[in-house]
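Each remark here refers to the structure printed beneath this line.
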Amino acid sequence: MPNSHSSMSFQCLTLALLILPAITLFVYFLTVFPHTPDSLVIHESLSSLSKDSRSWQIYPDDFFQGGAYVTFPYGKVRYWLLGPEKGKKIVLIHGLSVPAIIWQDVAPRLAEKGFRVLVYDLYGRGYSEAPQMTYDTALYTTQLALLLQYIRWEKANIAGVSMGGAIAAAFVNQFPHLAGDRLALLASAGIIESSDMSRTSKFLSSPIMQVVTSSYPFRLYLRHLANNSSRVDNPIAELIRIQSAHLPGYNAAIASSIRDGPIRNLAPTFAAVGRKMRKDGGNVLLVWGTNDTVVPYRYAARLQALIPQAELVTIEGGKHDITLSHPSEVVDTLTKFFKSGS
């Protein structure tokens, strides 16, 4: 009897060894076999909110003149064209959390000075829809390339603030045939060290918190807080709260941008842009406030080390929101810089 039991156990083990590889191969080929990809989920923008929402009072979709929508593979994009059609072409790119309203005191005044100005909302902000995907550098540079192609601009000079500066530099590097000979970086992100990022940013950009902050219960809680606020002391901060509470893709876009986007590790990109501009006779402008706590002033020197020919304009006492707090200095500086280009 013991021999019979041992023989049966040996047979079972042999059978298992024969069957398991076949099952493993079957499961492997089942999972890797080509299948129809899931359709891309695209979340709505501020345009989906009720006209009673404060967002329409703070930042309506006709906030700038010459506004229009265009649909690209990753969602609908809102853009505005200001100024004379034959003026020198400038693109203004906003930063991480605040849409194109950040240029409210800059874009119209540049248009008045004769420039043809393009402003637009990045994916996941303002009136541009939010694709449910990784918000890396390529997503943002491709968005601008498609937009320039759509409006039939062959080349344009570019200015970007905060994360928009990093996008601008990456765009010049990736699409040099579409970029002009002038690049302006205002309090630019792109080489921020982790030690300079707030604990809140690190916490909210974690994959787990991205799921939590994008969930309906969390956004319902934010809506409750926003709705119970009776007065608006800071329209920009209120707009951020509205996007976070009401737009399903906003929090995920912010978190992914911090984790995967053009916030850090772009030193090689800036260096490449410096070499390109030097070779082509172009130039780079840096504009920075001395009291910037988001991207501290010392990063201006670090960018100058990567782009030695870059000109630095310092705004004494300026914080990170220099386009809002010091619009006259910004407009005058950009006007002088861009008029000197081709």
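So you can find residues: chains in the structure tokens are A, B, ... in the order shown, residues in each start at 1, and ligands are numbered from 1 in order.
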Per-residue nearest contacts stretch 47-94 of chain A to stretch 175-180 of chain A, cut-off 10 Å, using only C-alpha atoms, as a tab-separated table:
residue	atom	partner	partner_atom	distance
A:Lys89	CA	A:Gly180	CA	8.9
A:Ile90	CA	A:Gly180	CA	9.0
A:Val91	CA	A:Ala179	CA	9.9
Put those residues in a file: C-alpha atoms, as a short mmCIF file (atom, residue, chain, number, x, y, z; two decimals), in the first residue's frame.
data_model
loop_
_atom_site.label_atom_id
_atom_site.label_comp_id
_atom_site.auth_asym_id
_atom_site.auth_seq_id
_atom_site.Cartn_x
_atom_site.Cartn_y
_atom_site.Cartn_z
CA LYS A 89 4.11 85.85 -33.78
CA ILE A 90 4.41 84.99 -30.08
CA VAL A 91 3.11 81.96 -28.18
#
Task: Picked from stretch 45-283 of chain A by DSSP as alpha helix (DSSP H), as a PyMOL selection string - done: chain A and resi 54-58+107-112+137-151+163-174+199-204+207-214+216-227+235-246+250-260+267-280
Task: Option closest in space to A:Gly114, from A:Leu82, A:Asn283, A:Ala145, A:Asp136 [counting only C-alpha atoms] - done: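 Closest residue, counting only C-alpha atoms: A:Leu82.
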TODO: Please identify all polymer residues within 6 Å of A:His43, counting only C-alpha atoms, omitting same-chain residues fewer than 3 positions from it, and present them as a list in words.
DONE: Glu129, Ala130 and Gly249 of chain A
With N, CA and C atoms retained, write the just-selected residues as a compact mmCIF listing (two decimals), in the first residue's frame.
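Generated output (out_21.txt):
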# COMPACT_ATOMS: atom_id res chain seq x y z
N GLU A 129 -9.83 70.04 -22.80
CA GLU A 129 -10.24 68.78 -22.18
C GLU A 129 -9.04 68.02 -21.62
N ALA A 130 -9.35 67.02 -20.80
CA ALA A 130 -8.30 66.29 -20.07
C ALA A 130 -8.28 64.83 -20.47
N GLY A 249 -10.79 65.40 -14.60
CA GLY A 249 -9.42 65.12 -15.03
C GLY A 249 -8.37 66.07 -14.50
Task: For A:Ala168, the nearest of the candidates A:Ala245, A:Ala253, A:Val284, A:Leu239, counting only C-alpha atoms - done: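 Of A:Ala245, A:Ala253, A:Val284, A:Leu239, the one nearest A:Ala168, counting only C-alpha atoms, is A:Val284.
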Open item on the list: Neighbouring residues of A:Leu118 were defined as those with any atom within 10 Å, considering only C-alpha atoms; residues of the same chain fewer than 5 positions away were excluded. Please report them as a PyMOL selection string.
Closed with: chain A and resi 66-67+79-83+89-93+107+111+147-148+151+156+158
May I have the residues from that selection written out with all heavy atoms, as a tab-separated table (two decimals), in the first residue's frame?
chain	number	residue	atom	x	y	z
A	66	GLY	N	-10.80	86.71	-29.92
A	66	GLY	CA	-10.32	85.76	-30.93
A	66	GLY	C	-10.27	84.33	-30.47
A	66	GLY	O	-9.39	83.57	-30.90
A	67	GLY	N	-11.22	83.91	-29.63
A	67	GLY	CA	-11.21	82.56	-29.10
A	67	GLY	C	-11.88	81.54	-30.02
A	67	GLY	O	-12.80	81.86	-30.77
A	79	TYR	N	-8.17	78.01	-27.57
A	79	TYR	CA	-7.09	78.94	-27.84
A	79	TYR	C	-7.65	80.29	-28.23
A	79	TYR	O	-8.82	80.43	-28.59
A	79	TYR	CB	-6.17	78.40	-28.95
A	79	TYR	CG	-6.80	78.39	-30.33
A	79	TYR	CD1	-6.63	79.47	-31.20
A	79	TYR	CD2	-7.59	77.33	-30.76
A	79	TYR	CE1	-7.21	79.47	-32.47
A	79	TYR	CE2	-8.18	77.32	-32.02
A	79	TYR	CZ	-7.98	78.40	-32.86
A	79	TYR	OH	-8.57	78.41	-34.11
A	80	TRP	N	-6.80	81.32	-28.16
A	80	TRP	CA	-7.18	82.67	-28.52
A	80	TRP	C	-6.06	83.29	-29.35
A	80	TRP	O	-4.88	83.08	-29.08
A	80	TRP	CB	-7.40	83.53	-27.28
A	80	TRP	CG	-8.49	83.08	-26.36
A	80	TRP	CD1	-9.79	83.52	-26.32
A	80	TRP	CD2	-8.37	82.10	-25.32
A	80	TRP	NE1	-10.49	82.89	-25.32
A	80	TRP	CE2	-9.65	82.00	-24.69
A	80	TRP	CE3	-7.34	81.29	-24.85
A	80	TRP	CZ2	-9.90	81.14	-23.63
A	80	TRP	CZ3	-7.58	80.42	-23.81
A	80	TRP	CH2	-8.86	80.35	-23.20
A	81	LEU	N	-6.43	84.07	-30.35
A	81	LEU	CA	-5.47	84.80	-31.17
A	81	LEU	C	-5.75	86.29	-31.03
A	81	LEU	O	-6.85	86.76	-31.34
A	81	LEU	CB	-5.57	84.38	-32.64
A	81	LEU	CG	-4.98	83.01	-32.98
A	81	LEU	CD1	-5.38	82.58	-34.39
A	81	LEU	CD2	-3.46	83.05	-32.86
A	82	LEU	N	-4.75	87.03	-30.57
A	82	LEU	CA	-4.90	88.46	-30.34
A	82	LEU	C	-3.91	89.24	-31.19
A	82	LEU	O	-2.83	88.73	-31.52
A	82	LEU	CB	-4.65	88.80	-28.86
A	82	LEU	CG	-5.53	88.20	-27.78
A	82	LEU	CD1	-5.15	86.76	-27.46
A	82	LEU	CD2	-5.43	89.03	-26.50
A	83	GLY	N	-4.25	90.47	-31.51
A	83	GLY	CA	-3.33	91.35	-32.20
A	83	GLY	C	-3.42	91.27	-33.71
A	83	GLY	O	-4.13	90.42	-34.27
A	89	LYS	N	4.87	86.91	-34.46
A	89	LYS	CA	4.11	85.85	-33.78
A	89	LYS	C	4.77	85.43	-32.47
A	89	LYS	O	5.96	85.12	-32.43
A	89	LYS	CB	3.95	84.65	-34.71
A	89	LYS	CG	3.17	84.95	-35.98
A	89	LYS	CD	3.10	83.74	-36.89
A	89	LYS	CE	2.25	84.02	-38.13
A	89	LYS	NZ	2.82	85.09	-38.97
A	90	ILE	N	3.95	85.40	-31.41
A	90	ILE	CA	4.41	84.99	-30.08
A	90	ILE	C	3.42	83.99	-29.51
A	90	ILE	O	2.20	84.18	-29.59
A	90	ILE	CB	4.51	86.18	-29.11
A	90	ILE	CG1	5.44	87.25	-29.63
A	90	ILE	CG2	4.97	85.71	-27.73
A	90	ILE	CD1	5.47	88.49	-28.74
A	91	VAL	N	3.94	82.93	-28.91
A	91	VAL	CA	3.11	81.96	-28.18
A	91	VAL	C	3.38	82.16	-26.69
A	91	VAL	O	4.54	82.25	-26.26
A	91	VAL	CB	3.45	80.51	-28.56
A	91	VAL	CG1	2.58	79.54	-27.76
A	91	VAL	CG2	3.27	80.29	-30.05
A	92	LEU	N	2.32	82.22	-25.89
A	92	LEU	CA	2.44	82.33	-24.44
A	92	LEU	C	1.90	81.03	-23.81
A	92	LEU	O	0.74	80.66	-24.04
A	92	LEU	CB	1.65	83.53	-23.91
A	92	LEU	CG	2.04	84.91	-24.48
A	92	LEU	CD1	1.15	85.99	-23.87
A	92	LEU	CD2	3.50	85.22	-24.24
A	93	ILE	N	2.73	80.37	-23.00
A	93	ILE	CA	2.35	79.09	-22.40
A	93	ILE	C	2.25	79.25	-20.88
A	93	ILE	O	3.21	79.71	-20.23
A	93	ILE	CB	3.38	77.99	-22.73
A	93	ILE	CG1	3.67	77.94	-24.23
A	93	ILE	CG2	2.90	76.63	-22.24
A	93	ILE	CD1	4.76	76.95	-24.62
A	107	ALA	N	-0.93	89.37	-22.31
A	107	ALA	CA	-1.28	89.07	-23.70
A	107	ALA	C	-1.95	90.25	-24.42
A	107	ALA	O	-1.53	90.62	-25.53
A	107	ALA	CB	-2.18	87.83	-23.75
A	111	ALA	N	-0.42	92.44	-27.63
A	111	ALA	CA	-1.19	92.61	-28.88
A	111	ALA	C	-1.29	94.08	-29.25
A	111	ALA	O	-1.18	94.46	-30.42
A	111	ALA	CB	-2.58	91.99	-28.71
A	147	LEU	N	-1.35	72.57	-32.61
A	147	LEU	CA	-2.07	73.84	-32.62
A	147	LEU	C	-1.45	74.81	-33.63
A	147	LEU	O	-2.17	75.49	-34.39
A	147	LEU	CB	-2.05	74.45	-31.21
A	147	LEU	CG	-2.86	75.74	-31.00
A	147	LEU	CD1	-4.30	75.56	-31.47
A	147	LEU	CD2	-2.82	76.14	-29.53
A	148	LEU	N	-0.13	74.88	-33.68
A	148	LEU	CA	0.53	75.75	-34.66
A	148	LEU	C	0.23	75.29	-36.09
A	148	LEU	O	0.02	76.12	-36.99
A	148	LEU	CB	2.04	75.76	-34.43
A	148	LEU	CG	2.53	76.48	-33.17
A	148	LEU	CD1	4.05	76.42	-33.08
A	148	LEU	CD2	2.06	77.92	-33.13
A	151	ILE	N	-3.44	76.43	-36.92
A	151	ILE	CA	-3.64	77.85	-37.22
A	151	ILE	C	-2.70	78.33	-38.33
A	151	ILE	O	-2.68	79.51	-38.66
A	151	ILE	CB	-3.46	78.72	-35.96
A	151	ILE	CG1	-2.04	78.64	-35.43
A	151	ILE	CG2	-4.47	78.33	-34.89
A	151	ILE	CD1	-1.76	79.59	-34.27
A	156	ALA	N	7.18	80.52	-34.69
A	156	ALA	CA	6.75	81.50	-33.69
A	156	ALA	C	7.81	81.57	-32.59
A	156	ALA	O	8.47	80.58	-32.26
A	156	ALA	CB	5.41	81.10	-33.09
A	158	ILE	N	8.51	82.04	-28.57
A	158	ILE	CA	7.74	81.44	-27.48
A	158	ILE	C	8.15	82.00	-26.13
A	158	ILE	O	9.34	82.23	-25.89
A	158	ILE	CB	7.91	79.90	-27.47
A	158	ILE	CG1	7.58	79.32	-28.85
A	158	ILE	CG2	7.02	79.26	-26.42
A	158	ILE	CD1	7.87	77.86	-28.99
Residue contacts of A:Lys319 (10 Å, only C-alpha atoms) excluding same-chain residues fewer than 4 positions away, as a PDB file with C-alpha atoms, in the first residue's frame:
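Saved result, result09.pdb, follows:
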ATOM      1  CA  ALA A 187      10.391  81.672 -13.476  1.00  0.00           C
ATOM      2  CA  TRP A 288      12.785  85.976 -12.430  1.00  0.00           C
ATOM      3  CA  GLY A 289      11.506  87.445  -9.197  1.00  0.00           C
ATOM      4  CA  THR A 290      13.867  87.559  -6.234  1.00  0.00           C
ATOM      5  CA  ASN A 291      11.152  86.409  -3.802  1.00  0.00           C
ATOM      6  CA  ASP A 292      10.007  83.390  -5.806  1.00  0.00           C
ATOM      7  CA  THR A 293       9.424  80.503  -3.383  1.00  0.00           C
ATOM      8  CA  VAL A 294       8.059  78.039  -5.953  1.00  0.00           C
ATOM      9  CA  VAL A 295      11.047  78.100  -8.303  1.00  0.00           C
ATOM     10  CA  PRO A 296      13.590  80.025  -6.221  1.00  0.00           C
ATOM     11  CA  TYR A 297      15.683  82.783  -7.783  1.00  0.00           C
ATOM     12  CA  ILE A 315      12.344  91.644 -10.816  1.00  0.00           C
ATOM     13  CA  THR A 323       2.820  87.988 -14.836  1.00  0.00           C
ATOM     14  CA  LEU A 324       0.083  89.013 -12.397  1.00  0.00           C
ATOM     15  CA  SER A 325       2.062  91.029  -9.856  1.00  0.00           C
ATOM     16  CA  HIS A 326       4.458  92.834 -12.232  1.00  0.00           C
TER      17      HIS A 326
END
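The interatomic distance for the pair atom CA of A:Gln132 and atom CA of A:Glu44 works out to 10.7 Å.
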Task: Picked from stretch 56-215 of chain A by DSSP as strand (DSSP E or B), as a ChimeraX atom specification - done: /A:67-72,75-82,89-93,116-120,130-131,156-161,179-186
Open item on the list: Which residues are near stretch 327-330 of chain A? Cut-off 12 Å, only C-alpha atoms, ignore same chain within fewer than 2 positions. Put them as number ranges by chain.
Closed with: A: 102-110, 159-161, 184-187, 285-289, 313-316, 318, 321-325, 332-338
Task: Atom-to-atom span, atom CA of A:Leu46 and atom CA of A:Tyr127, Å - done: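 Going from atom CA of A:Leu46 over to atom CA of A:Tyr127, I get 5.1 Å.
From atom CA of A:Leu247 back to atom CA of A:Thr137, the distance works out to 21.8 Å.
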Task: Residue with smallest distance to A:Glu112 - pool A:Val331, A:Thr134, A:Ala237, A:Asp196, counting only C-alpha atoms - done: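 Comparing A:Val331, A:Thr134, A:Ala237, A:Asp196 against A:Glu112, the winner is A:Val331.
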Task: Selected residue, from A:Asn173, A:Ser162, A:Thr269, A:Ser47, that lies nearest to A:Lys76 when counting only C-alpha atoms - done: A:Ser47
- [ ] Fewer than 3 positions away in the same chain doesn't count, so skip those; otherwise give me all residues within 7 Å of A:Pro84, counting only C-alpha atoms, as a PyMOL selection string.
- [x] chain A and resi 87+114-116
